[in-house]
>>> print(open('data_6.txt').read())   # compact mmCIF, C-alpha atoms and all ligand atoms
# COMPACT_ATOMS: atom_id res chain seq x y z
CA MET I 25 0.00 0.00 0.00
CA PRO I 26 1.56 3.38 -0.96
CA THR I 27 2.45 6.00 1.66
CA GLY I 28 2.14 9.79 1.52
CA ASP I 29 5.95 10.06 1.15
CA LEU I 30 5.90 7.65 -1.79
CA LEU I 31 3.16 9.63 -3.55
CA ARG I 32 5.11 12.89 -3.12
CA SER I 33 8.45 11.39 -4.19
CA GLN I 34 10.61 13.28 -6.66
CA GLY I 35 14.03 13.03 -8.29
CA GLU I 36 15.85 9.70 -7.90
CA ALA I 37 13.26 8.23 -5.54
CA GLN I 38 10.57 8.97 -8.10
CA GLU I 39 12.58 7.47 -10.95
CA ALA I 40 13.09 4.31 -8.89
CA LEU I 41 9.34 4.18 -8.12
CA HIS I 42 8.35 4.55 -11.76
CA SER I 43 10.84 2.03 -12.98
CA CYS I 44 9.63 -0.55 -10.37
CA ALA I 45 6.08 0.06 -11.60
CA ALA I 46 7.09 -0.36 -15.26
CA LYS I 47 8.91 -3.59 -14.32
CA ALA I 48 5.85 -4.90 -12.48
CA ALA I 49 3.71 -4.22 -15.58
CA SER I 50 6.20 -5.86 -17.91
CA ASN I 51 6.53 -8.97 -15.67
CA GLN I 52 2.79 -9.37 -15.88
CA PHE I 53 1.95 -8.24 -19.42
CA GLY I 54 5.28 -8.25 -21.29
CA ARG I 55 5.57 -5.34 -23.74
CA LYS I 56 1.93 -5.51 -24.76
CA VAL I 57 -0.46 -2.60 -24.34
CA PHE I 58 -4.21 -2.99 -24.94
CA LEU I 59 -5.56 -0.60 -27.53
CA ARG I 60 -9.19 0.41 -27.50
CA ALA I 61 -11.24 3.18 -29.08
CA VAL I 62 -13.80 5.34 -27.32
CA VAL I 63 -16.98 6.89 -28.72
CA GLU I 64 -18.70 9.54 -26.64
CA VAL I 65 -22.39 9.11 -27.34
CA SER I 66 -24.15 11.74 -25.22
CA ASN I 67 -23.13 14.71 -23.09
CA PHE I 68 -26.49 14.95 -21.30
CA CYS I 69 -25.96 14.25 -17.62
CA ARG I 70 -28.35 14.18 -14.67
CA GLU I 71 -25.48 14.51 -12.19
CA ASN I 72 -23.79 17.68 -11.03
CA CYS I 73 -20.15 16.85 -10.19
CA ALA I 74 -18.31 20.04 -9.24
CA TYR I 75 -15.25 19.00 -11.28
CA CYS I 76 -17.00 18.27 -14.61
CA GLY I 77 -18.16 20.60 -17.39
CA MET I 78 -20.99 18.23 -18.35
CA ARG I 79 -22.70 18.75 -14.96
CA ARG I 80 -26.43 19.46 -15.27
CA ASP I 81 -26.05 23.04 -13.99
CA ASN I 82 -23.88 23.97 -16.98
CA ARG I 83 -26.73 25.51 -18.95
CA ASP I 84 -24.40 27.01 -21.57
CA LEU I 85 -23.29 23.65 -22.87
CA ALA I 86 -24.81 22.54 -26.19
CA ARG I 87 -26.06 19.03 -25.47
CA PHE I 88 -25.96 16.22 -28.04
CA ARG I 89 -26.93 12.58 -28.49
CA ALA I 90 -25.15 10.89 -31.35
CA HIS I 91 -27.03 8.70 -33.83
CA HIS I 92 -26.76 4.95 -33.79
CA ASN I 93 -26.35 4.63 -37.57
CA GLU I 94 -23.59 7.19 -37.81
CA LEU I 95 -21.62 5.58 -34.97
CA ALA I 96 -22.17 2.04 -36.26
CA GLU I 97 -20.94 3.04 -39.74
CA LEU I 98 -17.90 4.77 -38.22
CA ILE I 99 -16.91 1.87 -35.99
CA ILE I 100 -17.68 -0.99 -38.40
CA HIS I 101 -16.10 0.54 -41.50
CA HIS I 102 -13.66 3.20 -40.38
CA ARG I 103 -12.09 2.13 -37.09
CA PRO I 104 -8.30 2.12 -36.99
CA ALA I 105 -6.86 -1.33 -37.74
CA SER I 106 -5.08 -1.59 -34.39
CA VAL I 107 -8.26 -1.27 -32.29
CA THR I 108 -9.40 -4.49 -30.57
CA ASP I 109 -12.01 -3.08 -28.18
CA ILE I 110 -14.50 -0.24 -28.08
CA ASN I 111 -15.58 1.77 -25.07
CA ILE I 112 -19.02 3.39 -25.36
CA GLN I 113 -19.29 6.35 -23.04
CA THR I 114 -21.98 8.86 -22.06
CA GLY I 115 -22.82 11.34 -19.31
CA GLU I 116 -25.39 9.80 -16.97
CA ASP I 117 -28.16 9.67 -19.55
CA PRO I 118 -30.42 6.57 -19.45
CA VAL I 119 -32.32 7.84 -22.54
CA ALA I 120 -29.13 7.62 -24.60
CA VAL I 121 -28.47 4.17 -23.16
CA ARG I 122 -31.84 2.90 -24.37
CA GLU I 123 -32.02 4.76 -27.67
CA VAL I 124 -28.41 4.68 -28.86
CA VAL I 125 -26.10 2.51 -26.74
CA LEU I 126 -28.16 -0.69 -26.64
CA PRO I 127 -28.83 -0.82 -30.41
CA LEU I 128 -25.20 0.10 -31.07
CA ILE I 129 -23.92 -2.77 -28.91
CA ARG I 130 -26.25 -5.22 -30.66
CA THR I 131 -25.04 -4.06 -34.07
CA LEU I 132 -21.36 -4.19 -33.10
CA ARG I 133 -21.76 -7.63 -31.53
CA ARG I 134 -23.28 -8.87 -34.79
CA GLU I 135 -20.90 -7.14 -37.19
CA THR I 136 -17.50 -7.04 -35.43
CA PRO I 137 -15.26 -9.11 -33.15
CA LEU I 138 -14.62 -6.06 -30.92
CA GLY I 139 -14.59 -6.42 -27.13
CA ILE I 140 -17.20 -4.00 -25.77
CA SER I 141 -16.83 -1.85 -22.64
CA VAL I 142 -19.34 0.72 -21.43
CA CYS I 143 -19.00 3.74 -19.17
CA LEU I 144 -22.55 4.99 -18.57
CA GLY I 145 -22.84 5.84 -14.86
CA THR I 146 -25.21 4.19 -12.41
CA LEU I 147 -28.29 2.64 -14.02
CA ASP I 148 -31.01 0.31 -12.83
CA THR I 149 -30.22 -3.38 -12.59
CA ALA I 150 -32.54 -4.32 -15.48
CA LEU I 151 -30.64 -1.98 -17.79
CA TYR I 152 -27.30 -3.44 -16.68
CA SER I 153 -28.65 -6.89 -17.61
CA GLU I 154 -29.86 -5.69 -21.01
CA LEU I 155 -26.45 -4.20 -21.77
CA LYS I 156 -24.74 -7.43 -20.86
CA LYS I 157 -27.18 -9.52 -22.84
CA ALA I 158 -26.62 -7.23 -25.83
CA GLY I 159 -22.91 -8.09 -25.76
CA ALA I 160 -20.98 -5.68 -23.49
CA SER I 161 -18.68 -7.34 -20.97
CA THR I 162 -16.72 -4.63 -19.13
CA TYR I 163 -18.27 -1.83 -17.08
CA ILE I 164 -16.20 1.22 -16.29
CA ILE I 165 -17.54 2.99 -13.20
CA LYS I 166 -15.17 5.22 -11.31
CA PHE I 167 -15.63 5.63 -7.57
CA GLU I 168 -14.02 9.05 -8.17
CA ILE I 169 -13.27 9.95 -4.53
CA ALA I 170 -12.84 7.45 -1.67
CA ASP I 171 -13.30 9.88 1.18
CA PRO I 172 -17.09 10.12 1.81
CA ALA I 173 -16.99 13.75 3.06
CA LEU I 174 -14.97 14.92 0.05
CA TYR I 175 -17.26 12.90 -2.24
CA ALA I 176 -20.26 14.81 -0.90
CA LYS I 177 -18.43 18.16 -1.01
CA MET I 178 -17.57 17.64 -4.69
CA SER I 179 -21.15 16.55 -5.49
CA ALA I 180 -19.71 13.40 -7.03
CA PRO I 181 -22.34 11.24 -8.78
CA GLY I 182 -25.37 10.00 -6.85
CA ASN I 183 -24.20 9.18 -3.39
CA TYR I 184 -21.12 7.43 -2.11
CA LYS I 185 -22.77 4.37 -0.60
CA GLU I 186 -24.92 3.76 -3.65
CA ARG I 187 -21.97 4.12 -6.04
CA LEU I 188 -20.03 1.43 -4.20
CA GLU I 189 -23.10 -0.82 -4.09
CA HIS I 190 -23.38 -0.51 -7.89
CA ILE I 191 -19.71 -1.46 -8.31
CA ARG I 192 -20.21 -4.55 -6.14
CA HIS I 193 -23.45 -5.47 -7.91
CA LEU I 194 -21.85 -5.22 -11.36
CA SER I 195 -18.96 -7.44 -10.36
CA ALA I 196 -21.25 -9.98 -8.67
CA SER I 197 -23.42 -10.17 -11.78
CA GLY I 198 -20.56 -11.18 -14.07
CA TRP I 199 -19.24 -7.89 -15.42
CA ARG I 200 -15.53 -7.15 -15.54
CA VAL I 201 -15.35 -3.90 -13.62
CA SER I 202 -12.83 -1.12 -13.96
CA SER I 203 -12.96 1.83 -11.60
CA GLY I 204 -10.87 4.94 -10.98
CA PHE I 205 -10.20 8.00 -8.88
CA ILE I 206 -9.12 11.62 -9.21
CA ALA I 207 -5.71 12.76 -7.96
CA GLY I 208 -4.92 16.35 -6.99
CA LEU I 209 -8.39 17.69 -6.20
CA PRO I 210 -8.27 21.15 -4.57
CA ASP I 211 -7.00 20.84 -0.96
CA GLN I 212 -7.00 17.01 -1.12
CA SER I 213 -5.00 15.81 1.89
CA ASP I 214 -2.62 12.84 1.81
CA HIS I 215 -5.09 11.02 4.00
CA GLU I 216 -7.89 11.57 1.45
CA LEU I 217 -5.61 10.59 -1.42
CA LEU I 218 -4.41 7.41 0.27
CA ALA I 219 -8.00 6.39 1.04
CA ASN I 220 -8.38 5.85 -2.74
CA PHE I 221 -5.84 3.02 -2.64
CA THR I 222 -7.49 1.36 0.35
CA LEU I 223 -10.89 1.51 -1.31
CA ALA I 224 -9.61 0.35 -4.72
CA GLY I 225 -7.93 -2.63 -3.01
CA ALA I 226 -11.14 -3.54 -1.19
CA LEU I 227 -13.45 -3.42 -4.23
CA PRO I 228 -13.92 -6.35 -6.66
CA LEU I 229 -12.11 -4.70 -9.58
CA ASP I 230 -10.25 -5.85 -12.68
CA GLY I 231 -8.68 -2.49 -13.40
CA CYS I 232 -8.43 1.05 -12.08
CA SER I 233 -7.43 4.45 -13.46
CA VAL I 234 -5.97 7.60 -11.96
CA SER I 235 -7.15 10.87 -13.53
CA PRO I 236 -5.43 14.16 -12.74
CA PHE I 237 -7.81 16.87 -11.55
CA ILE I 238 -8.30 19.35 -14.43
CA PRO I 239 -10.06 22.61 -13.53
CA GLY I 240 -12.71 22.81 -16.25
CA ASP I 241 -13.53 26.34 -17.47
CA GLU I 242 -17.25 25.82 -17.07
CA THR I 243 -17.22 24.42 -13.51
CA PRO I 244 -17.27 25.89 -9.98
CA LEU I 245 -13.62 24.78 -9.64
CA ALA I 246 -12.39 26.72 -12.70
CA ALA I 247 -9.95 28.81 -10.64
CA ALA I 248 -8.39 25.87 -8.78
CA PRO I 249 -4.88 24.68 -9.69
CA ILE I 250 -4.43 21.75 -12.06
CA ALA I 251 -3.17 18.48 -10.50
CA SER I 252 0.56 17.91 -10.58
CA ILE I 253 1.62 15.40 -13.22
CA ASP I 254 4.19 14.00 -10.79
CA LEU I 255 1.56 13.30 -8.15
CA THR I 256 -0.69 11.67 -10.77
CA LEU I 257 2.08 9.45 -12.12
CA ASN I 258 3.22 8.52 -8.61
CA CYS I 259 -0.37 7.41 -7.89
CA MET I 260 -0.36 5.32 -11.08
CA ALA I 261 2.93 3.74 -10.03
CA GLY I 262 1.57 3.07 -6.52
CA LEU I 263 -1.50 1.42 -8.03
CA ARG I 264 0.58 -0.75 -10.36
CA LEU I 265 2.79 -1.92 -7.49
CA MET I 266 -0.27 -2.61 -5.37
CA ARG I 267 -1.94 -4.66 -8.13
CA PRO I 268 0.48 -5.83 -10.86
CA ASP I 269 -2.35 -7.84 -12.45
CA TRP I 270 -4.72 -4.92 -13.03
CA VAL I 271 -5.39 -3.19 -16.32
CA ILE I 272 -4.36 0.43 -15.74
CA PRO I 273 -5.00 2.97 -18.52
CA ALA I 274 -2.94 5.96 -19.55
CA VAL I 275 -5.79 8.51 -19.48
CA SER I 276 -5.88 11.28 -22.08
CA ALA I 277 -5.87 13.95 -19.32
CA LEU I 278 -2.19 13.11 -18.73
CA ASN I 279 -1.66 15.29 -21.81
CA LEU I 280 -3.26 18.23 -19.99
CA ALA I 281 -1.48 17.75 -16.65
CA GLY I 282 1.87 17.17 -18.40
CA PRO I 283 1.63 18.75 -21.86
CA SER I 284 5.15 17.94 -23.02
CA ASP I 285 5.42 14.27 -22.09
CA GLY I 286 2.72 13.34 -19.53
CA TYR I 287 1.16 10.65 -21.69
CA ARG I 288 4.43 8.93 -22.53
CA ARG I 289 5.49 9.10 -18.91
CA GLY I 290 2.22 7.28 -18.08
CA LEU I 291 3.35 4.43 -20.34
CA ARG I 292 6.66 4.46 -18.50
CA THR I 293 4.86 4.15 -15.17
CA GLY I 294 3.10 0.85 -15.65
CA ALA I 295 0.05 1.78 -17.76
CA ASN I 296 -1.05 -1.03 -20.10
CA LEU I 297 -4.12 0.35 -21.85
CA VAL I 298 -4.43 3.26 -24.28
CA THR I 299 -7.48 4.81 -25.92
CA ILE I 300 -7.98 6.26 -29.40
CA ASN I 301 -10.75 8.85 -29.56
CA MET I 302 -13.27 8.08 -32.33
CA THR I 303 -16.03 10.52 -31.33
CA PRO I 304 -17.24 12.38 -34.45
CA SER I 305 -15.42 15.71 -34.62
CA ASP I 306 -18.61 17.83 -34.88
CA VAL I 307 -19.67 16.92 -31.29
CA ARG I 308 -16.32 16.07 -29.66
CA GLY I 309 -15.75 19.65 -28.42
CA ASP I 310 -18.95 19.52 -26.35
CA TYR I 311 -17.95 16.36 -24.48
CA LEU I 312 -16.62 18.49 -21.68
CA LEU I 313 -15.14 16.13 -19.10
CA TYR I 314 -12.09 18.39 -18.88
CA LYS I 315 -11.58 21.43 -21.10
CA ARG I 316 -12.82 22.48 -24.54
CA ASP I 317 -9.25 22.48 -25.66
CA ARG I 318 -8.88 18.71 -25.78
CA PHE I 319 -5.82 16.80 -26.81
CA ILE I 320 -7.29 14.19 -29.12
CA MET I 321 -5.50 10.86 -29.11
CA THR I 322 -5.49 9.62 -32.70
CA GLU I 323 -4.19 6.21 -33.81
CA GLU I 324 -1.06 7.90 -35.16
CA ARG I 325 -0.27 9.60 -31.83
CA ILE I 326 -1.02 6.49 -29.81
CA LEU I 327 1.10 4.17 -31.97
CA ALA I 328 3.95 6.68 -31.95
CA ALA I 329 3.84 6.91 -28.12
CA ILE I 330 3.73 3.10 -27.76
CA ALA I 331 6.66 2.61 -30.16
CA ALA I 332 8.71 5.38 -28.54
CA GLU I 333 8.42 3.60 -25.18
CA GLY I 334 9.52 0.25 -26.66
CA LEU I 335 6.03 -1.24 -26.21
CA GLU I 336 3.70 -3.00 -28.66
CA PRO I 337 -0.06 -2.93 -29.27
CA SER I 338 -1.70 -6.13 -28.05
CA LEU I 339 -3.33 -8.24 -30.75
CA GLN I 340 -5.50 -9.85 -28.09
CA SER I 341 -8.52 -7.78 -27.12
CA LEU I 342 -9.07 -6.72 -23.55
CA ALA I 343 -12.32 -8.70 -23.53
CA ASP I 344 -10.50 -11.88 -24.66
CA PHE I 345 -7.79 -11.28 -22.09
CA TYR I 346 -10.38 -11.06 -19.30
CA HIS I 347 -12.16 -14.09 -20.68
CA SER I 348 -8.97 -16.17 -20.75
CA GLN I 349 -8.12 -15.04 -17.22
CA LYS I 350 -11.52 -16.22 -16.06
CA ARG I 351 -10.94 -19.61 -17.73
CA ALA I 352 -7.49 -19.89 -16.12
CA ASN I 353 -8.95 -19.04 -12.70
CA SER I 354 -11.73 -21.60 -12.97
CA SER I 355 -9.35 -24.35 -14.11
CA SER I 356 -7.01 -23.62 -11.18
CA VAL I 357 -10.00 -23.82 -8.81
CA LEU I 358 -10.98 -27.17 -10.40
CA LYS I 359 -7.40 -28.45 -10.01
CA SER I 360 -7.28 -27.52 -6.31
CA VAL I 361 -10.67 -29.19 -5.75
CA ALA I 362 -9.37 -32.34 -7.50
CA THR I 363 -6.12 -32.28 -5.47
CA ALA I 364 -8.06 -31.81 -2.22
CA ALA I 365 -10.34 -34.74 -3.14
S1 LIG I 401 -18.29 13.31 -14.07
FE1 LIG I 401 -19.78 11.99 -15.13
S2 LIG I 401 -21.54 11.92 -13.74
FE2 LIG I 401 -20.34 13.69 -13.10
S3 LIG I 401 -21.24 15.44 -14.21
FE3 LIG I 401 -19.53 14.64 -15.47
S4 LIG I 401 -20.47 13.20 -16.89
FE4 LIG I 401 -21.93 13.58 -15.23
>>> encode(input="data_6.txt", output="structure tokens", more="lines below")
Ligand code: SF4
Amino acid sequence: MPTGDLLRSQGEAQEALHSCAAKAASNQFGRKVFLRAVVEVSNFCRENCAYCGMRRDNRDLARFRAHHNELAELIIHHRPASVTDINIQTGEDPVAVREVVLPLIRTLRRETPLGISVCLGTLDTALYSELKKAGASTYIIKFEIADPALYAKMSAPGNYKERLEHIRHLSASGWRVSSGFIAGLPDQSDHELLANFTLAGALPLDGCSVSPFIPGDETPLAAAPIASIDLTLNCMAGLRLMRPDWVIPAVSALNLAGPSDGYRRGLRTGANLVTINMTPSDVRGDYLLYKRDRFIMTEERILAAIAAEGLEPSLQSLADFYHSQKRANSSSVLKSVATAA
């Protein structure tokens, strides 16, 4: 479990930390990095997180819901060749889930071999089941902030207890679950930051991300300082050392927290998943998780970053990897039962 000193480390101590994390990732996954694409389907959101420009109180934001046919055409016929998985993402917008996401998953399941992840917020259990039945297998649901008081202060989605119950429910009902937290929130204490590791370790997760806090222009926190890239990367390294087996993404916001080399440093700190943005360019600017001025990760940029760090795109999809892990786990359980008998 990381300590406050470890998360604040700099200079040689930091280099040693990052190289241990990279070694842990390479022992587990070799040089392979999973490569998925994301489509952002709707920026409507019923939540009001203080750190996000898509919060419902942002009345100036032009809201959009993409069309199923346009997205299906884009993903089936124009996705980059290196993409093995797709992540379908929305604000918390159950209408978009029913009208766009579900038909899109069914079409993609029928027409492509892509692994399908979704990141749609908390929904009712019947809708989770429909999504799974349609063909999605990984649910991305960040717990955002582990400290309950800070969670409430930041108006993070729904309520704390409920969010964790949803994470546990998803895992118990057969989803692969990836979660995540925010590093460097305004006035976040070491105690609050470290609580994220304790909670991540206690939840039934298959992966976890660390996102640097980015003060969005259209949020109540617009004047707060941006998270330090060093703190963010130290958290990623701490997470990798805590759970060498987890899938840990290099999030695109690393480009905002560390404009010159934040993303590549993420790959040097044990990240093993990267994401190409495939959201149609006419609506991409209004998907305001961070700032309007987004740094769009294209296939060219992603492949260049992977190659520059001596890594390789995985040919196996994330969904297949999880599936094979599950098979390996059940056969080792069967072996131990047989040995015990
Ligand atoms: S972080 Fe997610 S749930 Fe919160 S306002 Fe933004 S899109 Fe909505």
>>> residues_near_ligand(input="data_6.txt", ligand="ligand LIG 401 (chain I)", cutoff="8 Å", atoms="only C-alpha atoms and all ligand atoms", output="list of chain:residue names")
I:Asn67, I:Phe68, I:Cys69, I:Arg70, I:Glu71, I:Asn72, I:Cys73, I:Ala74, I:Tyr75, I:Cys76, I:Gly77, I:Met78, I:Arg79, I:Arg80, I:Thr114, I:Gly115, I:Glu116, I:Gly145, I:Ala180, I:Pro181, I:Leu312, I:Leu313
>>> closest_residue(input="data_6.txt", among="I:Ser203, I:Thr131, I:Asn93, I:Asn183", to="Thr162 of chain I", atoms="only C-alpha atoms")
I:Ser203
>>> closest_residue(input="data_6.txt", among="I:Pro210, I:Pro118, I:Pro228, I:Gly159", to="Leu188 of chain I", atoms="all atoms listed in the file")
I:Pro228
>>> residues_around(input="data_6.txt", residues="Arg134 of chain I", least_positions_apart="3", cutoff="12 Å", atoms="all atoms listed in the file", output="list of chain:residue names")
I:Ala96, I:Ile100, I:Pro127, I:Leu128, I:Ile129, I:Arg130, I:Thr131, I:Pro137, I:Leu138, I:Gly139, I:Ile140, I:Ala158, I:Gly159, I:Ala160
>>> closest_residue(input="data_6.txt", among="I:Thr322, I:Arg308, I:Phe345, I:Ile300", to="Ala86 of chain I", atoms="all atoms listed in the file")
I:Arg308
>>> closest_residue(input="data_6.txt", among="I:Val63, I:Gly282, I:Leu339, I:Trp270", to="Leu255 of chain I", atoms="all atoms listed in the file")
I:Gly282
>>> residues_around(input="data_6.txt", residues="Asn258 of chain I", least_positions_apart="2", cutoff="10 Å", atoms="all atoms listed in the file", output="list of chain:residue names")
I:Pro26, I:Leu30, I:Leu31, I:Arg32, I:Ser33, I:Gln34, I:Gln38, I:Glu39, I:Leu41, I:His42, I:Ala45, I:Ala207, I:Val234, I:Ser252, I:Ile253, I:Asp254, I:Leu255, I:Thr256, I:Met260, I:Ala261, I:Gly262, I:Leu263, I:Arg264, I:Gly290, I:Thr293
>>> atom_distance(input="data_6.txt", atom1="atom CA of Ala40 of chain I", atom2="atom CA of Phe167 of chain I")
28.8 Å
>>> closest_residue(input="data_6.txt", among="I:Ile238, I:Pro244, I:Gly231, I:Met321", to="Leu280 of chain I", atoms="only C-alpha atoms")
I:Ile238
>>> decode(input="data_6.txt", residues="segment 296-342 of chain I", atoms="C-alpha atoms", output="PDB file, in the first residue's frame")
ATOM      1  CA  ASN I 296      -1.045  -1.031 -20.098  1.00  0.00           C
ATOM      2  CA  LEU I 297      -4.117   0.347 -21.850  1.00  0.00           C
ATOM      3  CA  VAL I 298      -4.426   3.257 -24.280  1.00  0.00           C
ATOM      4  CA  THR I 299      -7.484   4.806 -25.921  1.00  0.00           C
ATOM      5  CA  ILE I 300      -7.976   6.256 -29.396  1.00  0.00           C
ATOM      6  CA  ASN I 301     -10.746   8.847 -29.559  1.00  0.00           C
ATOM      7  CA  MET I 302     -13.271   8.079 -32.329  1.00  0.00           C
ATOM      8  CA  THR I 303     -16.028  10.522 -31.326  1.00  0.00           C
ATOM      9  CA  PRO I 304     -17.241  12.378 -34.447  1.00  0.00           C
ATOM     10  CA  SER I 305     -15.416  15.715 -34.617  1.00  0.00           C
ATOM     11  CA  ASP I 306     -18.614  17.825 -34.882  1.00  0.00           C
ATOM     12  CA  VAL I 307     -19.668  16.924 -31.295  1.00  0.00           C
ATOM     13  CA  ARG I 308     -16.325  16.071 -29.658  1.00  0.00           C
ATOM     14  CA  GLY I 309     -15.749  19.650 -28.421  1.00  0.00           C
ATOM     15  CA  ASP I 310     -18.948  19.522 -26.345  1.00  0.00           C
ATOM     16  CA  TYR I 311     -17.946  16.358 -24.476  1.00  0.00           C
ATOM     17  CA  LEU I 312     -16.624  18.487 -21.680  1.00  0.00           C
ATOM     18  CA  LEU I 313     -15.136  16.127 -19.104  1.00  0.00           C
ATOM     19  CA  TYR I 314     -12.088  18.386 -18.879  1.00  0.00           C
ATOM     20  CA  LYS I 315     -11.576  21.428 -21.103  1.00  0.00           C
ATOM     21  CA  ARG I 316     -12.816  22.481 -24.538  1.00  0.00           C
ATOM     22  CA  ASP I 317      -9.251  22.483 -25.663  1.00  0.00           C
ATOM     23  CA  ARG I 318      -8.875  18.709 -25.778  1.00  0.00           C
ATOM     24  CA  PHE I 319      -5.821  16.804 -26.806  1.00  0.00           C
ATOM     25  CA  ILE I 320      -7.291  14.190 -29.120  1.00  0.00           C
ATOM     26  CA  MET I 321      -5.502  10.860 -29.112  1.00  0.00           C
ATOM     27  CA  THR I 322      -5.494   9.624 -32.702  1.00  0.00           C
ATOM     28  CA  GLU I 323      -4.189   6.214 -33.812  1.00  0.00           C
ATOM     29  CA  GLU I 324      -1.062   7.898 -35.161  1.00  0.00           C
ATOM     30  CA  ARG I 325      -0.271   9.601 -31.833  1.00  0.00           C
ATOM     31  CA  ILE I 326      -1.023   6.486 -29.807  1.00  0.00           C
ATOM     32  CA  LEU I 327       1.099   4.171 -31.965  1.00  0.00           C
ATOM     33  CA  ALA I 328       3.951   6.682 -31.948  1.00  0.00           C
ATOM     34  CA  ALA I 329       3.840   6.908 -28.121  1.00  0.00           C
ATOM     35  CA  ILE I 330       3.733   3.104 -27.761  1.00  0.00           C
ATOM     36  CA  ALA I 331       6.662   2.606 -30.158  1.00  0.00           C
ATOM     37  CA  ALA I 332       8.712   5.384 -28.538  1.00  0.00           C
ATOM     38  CA  GLU I 333       8.424   3.603 -25.184  1.00  0.00           C
ATOM     39  CA  GLY I 334       9.519   0.246 -26.656  1.00  0.00           C
ATOM     40  CA  LEU I 335       6.034  -1.235 -26.215  1.00  0.00           C
ATOM     41  CA  GLU I 336       3.697  -3.005 -28.659  1.00  0.00           C
ATOM     42  CA  PRO I 337      -0.056  -2.933 -29.274  1.00  0.00           C
ATOM     43  CA  SER I 338      -1.703  -6.131 -28.053  1.00  0.00           C
ATOM     44  CA  LEU I 339      -3.331  -8.244 -30.749  1.00  0.00           C
ATOM     45  CA  GLN I 340      -5.498  -9.852 -28.091  1.00  0.00           C
ATOM     46  CA  SER I 341      -8.524  -7.782 -27.119  1.00  0.00           C
ATOM     47  CA  LEU I 342      -9.066  -6.716 -23.549  1.00  0.00           C
TER      48      LEU I 342
END
